[in-house]
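Source file: entry37.cif (mmCIF, C-alpha atoms and all ligand atoms)
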```cif
data_start
#
loop_
_atom_site.label_atom_id
_atom_site.label_comp_id
_atom_site.auth_asym_id
_atom_site.auth_seq_id
_atom_site.Cartn_x
_atom_site.Cartn_y
_atom_site.Cartn_z
CA MET A 5 -14.92 -10.54 22.86
CA VAL A 6 -12.65 -8.83 20.34
CA GLU A 7 -11.47 -11.20 17.64
CA PRO A 8 -7.94 -10.51 16.41
CA TYR A 9 -7.41 -9.33 12.88
CA ALA A 10 -4.39 -11.14 11.51
CA ARG A 11 -3.21 -13.16 8.55
CA ASP A 12 -1.61 -15.82 10.71
CA THR A 13 -0.77 -16.09 14.37
CA ALA A 14 -0.04 -12.41 15.07
CA THR A 15 -2.66 -10.87 17.32
CA VAL A 16 -3.89 -7.31 16.97
CA HIS A 17 -6.55 -5.88 19.23
CA PRO A 18 -8.03 -2.81 17.57
CA PRO A 19 -9.14 -0.02 19.89
CA ALA A 20 -12.87 0.11 20.45
CA ASP A 21 -13.39 3.57 18.95
CA ARG A 22 -12.40 2.30 15.49
CA VAL A 23 -14.23 -1.00 15.53
CA SER A 24 -17.89 -1.45 14.78
CA THR A 25 -17.88 -4.96 13.37
CA LEU A 26 -16.39 -7.95 15.13
CA HIS A 27 -15.72 -10.80 12.79
CA PRO A 28 -15.94 -14.53 13.44
CA VAL A 29 -12.77 -16.61 13.70
CA SER A 30 -13.20 -17.78 10.09
CA PHE A 31 -12.87 -14.19 8.82
CA ASP A 32 -10.28 -14.15 6.03
CA PRO A 33 -8.79 -10.65 5.91
CA LEU A 34 -7.10 -10.94 2.52
CA SER A 35 -10.10 -12.23 0.58
CA THR A 36 -12.36 -9.76 2.41
CA MET A 37 -10.06 -6.88 1.38
CA ALA A 38 -9.96 -8.15 -2.21
CA ALA A 39 -13.77 -8.37 -2.24
CA SER A 40 -14.05 -4.75 -1.02
CA TYR A 41 -11.84 -3.41 -3.80
CA ASP A 42 -13.29 -5.76 -6.45
CA ALA A 43 -16.72 -4.31 -5.72
CA TYR A 44 -15.52 -0.71 -6.24
CA ALA A 45 -13.02 -1.22 -9.06
CA SER A 46 -15.19 0.42 -11.74
CA ASP A 47 -15.98 3.39 -9.43
CA ARG A 48 -12.27 3.92 -8.84
CA GLU A 49 -11.61 3.66 -12.58
CA GLU A 50 -14.23 6.33 -13.21
CA ALA A 51 -12.94 8.58 -10.41
CA GLY A 52 -9.40 8.70 -11.84
CA GLU A 53 -6.37 9.60 -9.76
CA PRO A 54 -5.72 12.77 -7.73
CA ASP A 55 -2.86 15.00 -8.93
CA TRP A 56 -1.31 15.86 -5.54
CA ARG A 57 1.19 12.98 -5.78
CA ASP A 58 2.51 14.07 -9.19
CA ASP A 59 5.57 15.96 -7.89
CA ILE A 60 6.48 13.05 -5.59
CA ARG A 61 6.20 10.67 -8.55
CA ASP A 62 8.49 12.89 -10.68
CA ASP A 63 11.07 13.12 -7.90
CA PHE A 64 11.02 9.34 -7.36
CA VAL A 65 11.68 8.63 -11.04
CA SER A 66 14.49 11.17 -11.20
CA ARG A 67 16.31 9.40 -8.34
CA LEU A 68 15.88 5.79 -9.49
CA PRO A 69 19.12 3.83 -9.69
CA ALA A 70 20.08 2.15 -12.97
CA GLY A 71 17.74 -0.51 -14.29
CA ARG A 72 14.53 1.50 -13.92
CA ARG A 73 12.50 -1.60 -13.23
CA VAL A 74 9.76 -0.62 -10.80
CA LEU A 75 7.22 -2.62 -8.83
CA GLU A 76 3.99 -1.01 -7.69
CA ILE A 77 2.30 -2.69 -4.72
CA GLY A 78 -1.35 -2.02 -3.91
CA ALA A 79 -1.55 -0.50 -7.39
CA GLY A 80 -5.33 -0.25 -7.51
CA VAL A 81 -6.69 0.18 -11.04
CA GLY A 82 -3.23 1.19 -12.29
CA PHE A 83 -3.21 4.92 -13.07
CA THR A 84 0.24 5.47 -11.57
CA SER A 85 1.62 2.28 -13.10
CA LYS A 86 0.37 3.47 -16.50
CA TRP A 87 2.17 6.76 -15.92
CA PHE A 88 5.40 4.85 -15.09
CA LEU A 89 4.94 2.82 -18.27
CA ASP A 90 4.55 6.03 -20.29
CA GLN A 91 7.87 7.28 -18.85
CA GLY A 92 9.62 4.25 -20.37
CA ILE A 93 9.89 2.46 -17.05
CA ASP A 94 9.71 -1.31 -16.90
CA ILE A 95 6.76 -1.42 -14.50
CA VAL A 96 4.96 -4.33 -12.87
CA ALA A 97 1.72 -3.58 -11.04
CA THR A 98 0.49 -5.81 -8.21
CA ASP A 99 -2.64 -5.73 -6.12
CA LEU A 100 -4.81 -8.06 -4.06
CA SER A 101 -7.95 -7.36 -6.10
CA PRO A 102 -8.38 -9.37 -9.33
CA ALA A 103 -10.80 -6.73 -10.70
CA ASN A 104 -8.17 -4.02 -10.17
CA ILE A 105 -5.54 -6.14 -11.90
CA GLU A 106 -7.83 -6.59 -14.91
CA LEU A 107 -8.14 -2.79 -15.14
CA CYS A 108 -4.33 -2.43 -14.93
CA ARG A 109 -3.95 -4.90 -17.80
CA ALA A 110 -6.62 -3.06 -19.82
CA LYS A 111 -4.25 -0.03 -19.68
CA GLY A 112 -1.44 -2.16 -21.12
CA VAL A 113 0.32 -2.45 -17.75
CA PRO A 114 1.89 -5.83 -16.88
CA ALA A 115 0.06 -6.77 -13.69
CA GLU A 116 -0.29 -9.65 -11.24
CA VAL A 117 -2.55 -10.44 -8.29
CA ARG A 118 -0.14 -10.52 -5.32
CA ASP A 119 -0.24 -9.96 -1.57
CA MET A 120 2.35 -7.34 -0.71
CA ALA A 121 3.62 -9.57 2.12
CA ASP A 122 4.33 -12.40 -0.33
CA LEU A 123 5.42 -10.83 -3.60
CA GLY A 124 6.94 -13.87 -5.27
CA PHE A 125 9.45 -11.93 -7.40
CA ALA A 126 13.17 -12.73 -7.46
CA ASP A 127 15.58 -11.17 -4.95
CA ARG A 128 17.04 -7.81 -6.01
CA SER A 129 14.92 -7.59 -9.15
CA PHE A 130 13.61 -3.99 -8.89
CA ALA A 131 15.29 -0.57 -8.79
CA GLY A 132 12.24 0.90 -7.10
CA VAL A 133 9.03 0.01 -5.28
CA TRP A 134 6.04 2.38 -5.17
CA ALA A 135 3.28 1.99 -2.57
CA ALA A 136 0.46 4.56 -2.59
CA SER A 137 -2.27 4.46 0.01
CA CYS A 138 -2.09 0.74 0.73
CA LEU A 139 0.08 0.23 3.83
CA MET A 140 -2.82 1.42 6.02
CA HIS A 141 -4.56 -1.85 5.13
CA VAL A 142 -1.81 -3.89 6.83
CA PRO A 143 -1.88 -4.39 10.61
CA THR A 144 1.17 -2.79 12.25
CA ALA A 145 2.16 -6.21 13.66
CA GLU A 146 2.46 -7.48 10.06
CA LEU A 147 4.12 -4.49 8.46
CA GLY A 148 7.59 -5.95 9.10
CA SER A 149 6.80 -8.84 6.72
CA VAL A 150 5.85 -6.38 3.98
CA PHE A 151 9.01 -4.32 4.56
CA ALA A 152 11.17 -7.48 4.48
CA GLU A 153 9.61 -8.39 1.11
CA VAL A 154 10.24 -4.90 -0.25
CA ASN A 155 13.86 -5.02 0.89
CA ARG A 156 14.27 -8.49 -0.60
CA VAL A 157 13.07 -7.51 -4.10
CA LEU A 158 15.00 -4.21 -4.22
CA VAL A 159 18.52 -3.95 -5.62
CA ASP A 160 21.20 -2.56 -3.32
CA GLY A 161 20.48 1.14 -3.08
CA GLY A 162 16.99 0.63 -4.50
CA LEU A 163 14.29 3.16 -3.59
CA PHE A 164 10.99 2.62 -1.84
CA TRP A 165 8.39 5.36 -1.82
CA ALA A 166 5.44 4.84 0.49
CA GLY A 167 2.49 7.12 1.09
CA THR A 168 -0.12 6.19 3.63
CA TRP A 169 -2.87 7.85 5.66
CA GLY A 170 -1.87 8.83 9.18
CA GLY A 171 -3.48 10.18 12.34
CA PRO A 172 -3.87 9.16 15.98
CA THR A 173 -2.72 5.54 16.16
CA SER A 174 -5.56 3.02 15.97
CA GLU A 175 -6.56 0.01 13.93
CA GLY A 176 -9.62 -2.02 13.10
CA ILE A 177 -12.56 -2.09 10.73
CA TRP A 178 -13.42 1.49 9.73
CA ALA A 179 -16.89 2.02 11.20
CA ASP A 180 -17.92 4.73 8.72
CA ASP A 181 -16.59 3.01 5.61
CA TRP A 182 -19.00 3.13 2.66
CA TYR A 183 -17.30 0.11 1.04
CA GLU A 184 -18.85 -3.30 1.66
CA PRO A 185 -17.27 -5.32 3.12
CA LYS A 186 -15.99 -2.47 5.29
CA ARG A 187 -12.21 -2.26 5.18
CA PHE A 188 -9.55 -2.73 7.85
CA TYR A 189 -7.37 0.33 8.47
CA SER A 190 -4.24 0.79 10.53
CA ILE A 191 -3.74 4.50 11.09
CA ARG A 192 -0.43 5.43 12.73
CA ASP A 193 0.84 8.69 14.12
CA ASP A 194 3.92 10.23 12.52
CA ASP A 195 6.36 9.14 15.24
CA LEU A 196 5.25 5.51 15.02
CA MET A 197 5.24 5.43 11.21
CA ARG A 198 8.65 7.01 11.00
CA SER A 199 10.12 4.60 13.55
CA LEU A 200 8.65 1.61 11.68
CA TYR A 201 10.38 2.79 8.51
CA GLU A 202 13.64 3.46 10.40
CA SER A 203 13.78 -0.10 11.66
CA HIS A 204 13.82 -1.47 8.09
CA PHE A 205 15.15 1.23 5.75
CA GLU A 206 17.37 4.26 5.49
CA VAL A 207 14.88 7.13 5.69
CA LEU A 208 15.79 9.72 3.02
CA SER A 209 12.74 11.88 3.75
CA PHE A 210 9.54 11.74 5.77
CA SER A 211 6.84 14.38 5.63
CA SER A 212 3.17 14.65 6.44
CA PHE A 213 0.61 16.96 4.90
CA SER A 214 -3.13 17.26 4.36
CA PRO A 215 -4.11 16.94 0.71
CA MET A 216 -7.83 16.84 1.50
CA THR A 217 -9.74 19.39 3.54
CA ASP A 218 -12.71 17.13 4.33
CA SER A 219 -10.78 14.58 6.43
CA ASP A 220 -9.01 14.54 9.80
CA TRP A 221 -6.45 12.11 8.38
CA HIS A 222 -3.21 13.38 6.91
CA TYR A 223 -0.83 11.83 4.42
CA GLN A 224 2.59 10.45 5.36
CA SER A 225 5.04 10.44 2.47
CA ALA A 226 8.35 8.64 2.89
CA LEU A 227 11.27 8.09 0.56
CA LEU A 228 13.33 5.17 1.75
CA ARG A 229 16.43 3.31 0.66
CA ALA A 230 16.74 -0.46 0.77
CA ALA A 231 18.64 -1.77 3.75
CA GLY A 232 19.94 -4.80 1.83
CA GLU A 233 18.18 -7.45 3.94
C1 LIG B 1 -6.81 2.87 -1.35
S1 LIG B 1 -6.38 1.73 -2.60
C2 LIG B 1 -5.02 2.57 -3.37
C3 LIG B 1 -4.85 2.21 -4.81
C4 LIG B 1 -3.80 3.04 -5.55
N1 LIG B 1 -2.46 2.75 -5.05
C5 LIG B 1 -4.09 4.50 -5.44
O1 LIG B 1 -3.34 5.21 -4.77
O2 LIG B 1 -5.10 4.93 -5.99
C6 LIG B 1 -5.56 0.42 -1.69
C7 LIG B 1 -5.17 -0.74 -2.56
O3 LIG B 1 -4.38 -1.65 -1.80
C8 LIG B 1 -4.74 -2.97 -2.17
N2 LIG B 1 -4.33 -3.87 -1.09
C9 LIG B 1 -4.82 -3.93 0.18
N3 LIG B 1 -4.19 -4.89 0.88
C10 LIG B 1 -3.26 -5.44 0.03
C11 LIG B 1 -2.30 -6.47 0.17
N4 LIG B 1 -2.14 -7.14 1.30
N5 LIG B 1 -1.52 -6.77 -0.91
C12 LIG B 1 -1.67 -6.10 -2.08
N6 LIG B 1 -2.57 -5.10 -2.27
C13 LIG B 1 -3.35 -4.78 -1.22
C14 LIG B 1 -6.23 -2.90 -2.41
O4 LIG B 1 -6.71 -3.96 -3.18
C15 LIG B 1 -6.36 -1.54 -3.09
O5 LIG B 1 -6.28 -1.63 -4.48
#
```
Starting from the coordinates I provided, produce the structure as structure tokens.
Amino acid sequence: MVEPYARDTATVHPPADRVSTLHPVSFDPLSTMAASYDAYASDREEAGEPDWRDDIRDDFVSRLPAGRRVLEIGAGVGFTSKWFLDQGIDIVATDLSPANIELCRAKGVPAEVRDMADLGFADRSFAGVWAASCLMHVPTAELGSVFAEVNRVLVDGGLFWAGTWGGPTSEGIWADDWYEPKRFYSIRDDDLMRSLYESHFEVLSFSSFSPMTDSDWHYQSALLRAAGE
């Protein structure tokens, strides 16, 4: 029997080719995800951040509406948030992993442990939201809740940049993951990802490219404008 992966009542049945581990009903996806990233926080700190998102980052900052308060979701150990801070931006980093948040704070970045589907910040309190390589950890059935939160915290005309790994659509626990616990991934093809964005935001740009040669996944980069939900 395939147990659904979901935070609440939504049911997602991952395709068999992506699933090696079937979890019991008591499986808690959020604390399992936090445990995965807690365990590898110091490795990620040591590895640093790749430079292939630098131009996207520059472009995002140049287009920010007035206020320049930015929220990073799924911020990891905080390299990008630290860069925002160094640009004079009023940044807040959030992530599910307490160990990651400690490493953000060690860089001087204001940071909070938060689930991206339940951000807890005031309505219309950010000019921009940045989400790098984290939406693939949210089941497609639950992505609407994350997008509603992003829209809620953005000012009118606020910008949302999201970059996530794409490929043939499938979701489940990644069988070949070297992290323990192995992580949940939702990989979506470009048409699906684009249409998910279109149903919640004005899509200013959507592109996909392959920054790494040793993977069959590609990266989907989208610049979006708040829909004023
Ligand atoms: C692949 S890492 C990316 C980290 C960083 N953004 C980067 O690009 O290096 C994914 C991050 O998303 C976080 N994450 C996963 N699910 C989350 C959720 N529901 N809410 C907030 N953060 C989440 C993980 O803890 C992890 O730090």
Legend entry - Nearby residues, ligand LIG 1 (chain B), 6 Å, only C-alpha atoms and all ligand atoms, as a list in words: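 Protein and nucleic-acid residues within 6 Å of ligand LIG 1 (chain B): Ala38, Tyr41, Ile77, Gly78, Ala79, Gly80, Asp99, Leu100, Ser101, Arg118, Asp119, Met120, Ala136, Ser137, Cys138 and His141 of chain A.
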Inset, instruction - Identify the residues within 12 Å of coordinate (12.1, 1.0, -18.7) (same frame as the file), considering only C-alpha atoms, and give the answer as a list in words. - result: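 The distance filter leaves exactly Val65, Leu68, Pro69, Ala70, Gly71, Arg72, Arg73, Val74, Leu75, Ser85, Trp87, Phe88, Leu89, Asp90, Gln91, Gly92, Ile93, Asp94, Ile95, Val96, Phe130, Ala131 and Gly132 of chain A.
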Inset, instruction - Tell me which protein, DNA and RNA residues are within 9 Å of A:Ser209, counting only C-alpha atoms, leaving out same-chain ones fewer than 2 positions away, and put them as a PyMOL selection string. - result: chain A and resi 207+211+225-228
Legend entry - Nearest-residue call for A:Glu202, choices A:Arg229, A:Ala97, A:Asp127, A:Asp55, using all atoms listed in the file: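 Selected residue with least distance to A:Glu202: A:Arg229.
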Legend entry - Pick from A:Glu184, A:Asp32, A:Glu116, A:Glu175 nearest to A:Asn104, counting all atoms listed in the file: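 Counting all atoms listed in the file, the residue closest to A:Asn104 is A:Glu116.
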Inset, instruction - Compare A:Leu123, A:Val81, A:Ala51, A:Ile105 by their minimum atom-to-atom distance to A:Asn155, counting all atoms listed in the file, and give me the closest one. - result: A:Leu123
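Atom pair atom CA of A:Ala103 / atom CA of A:Asp42: separated by 5.0 Å.
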Inset, instruction - Rank A:Gly176, A:Gly170, A:Leu196, A:Ser66 by their smallest atom-to-atom distance to A:Asp220, using all atoms listed in the file, and report the top residue only. - result: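 Among the listed residues, the smallest separation from A:Asp220 belongs to A:Gly170.
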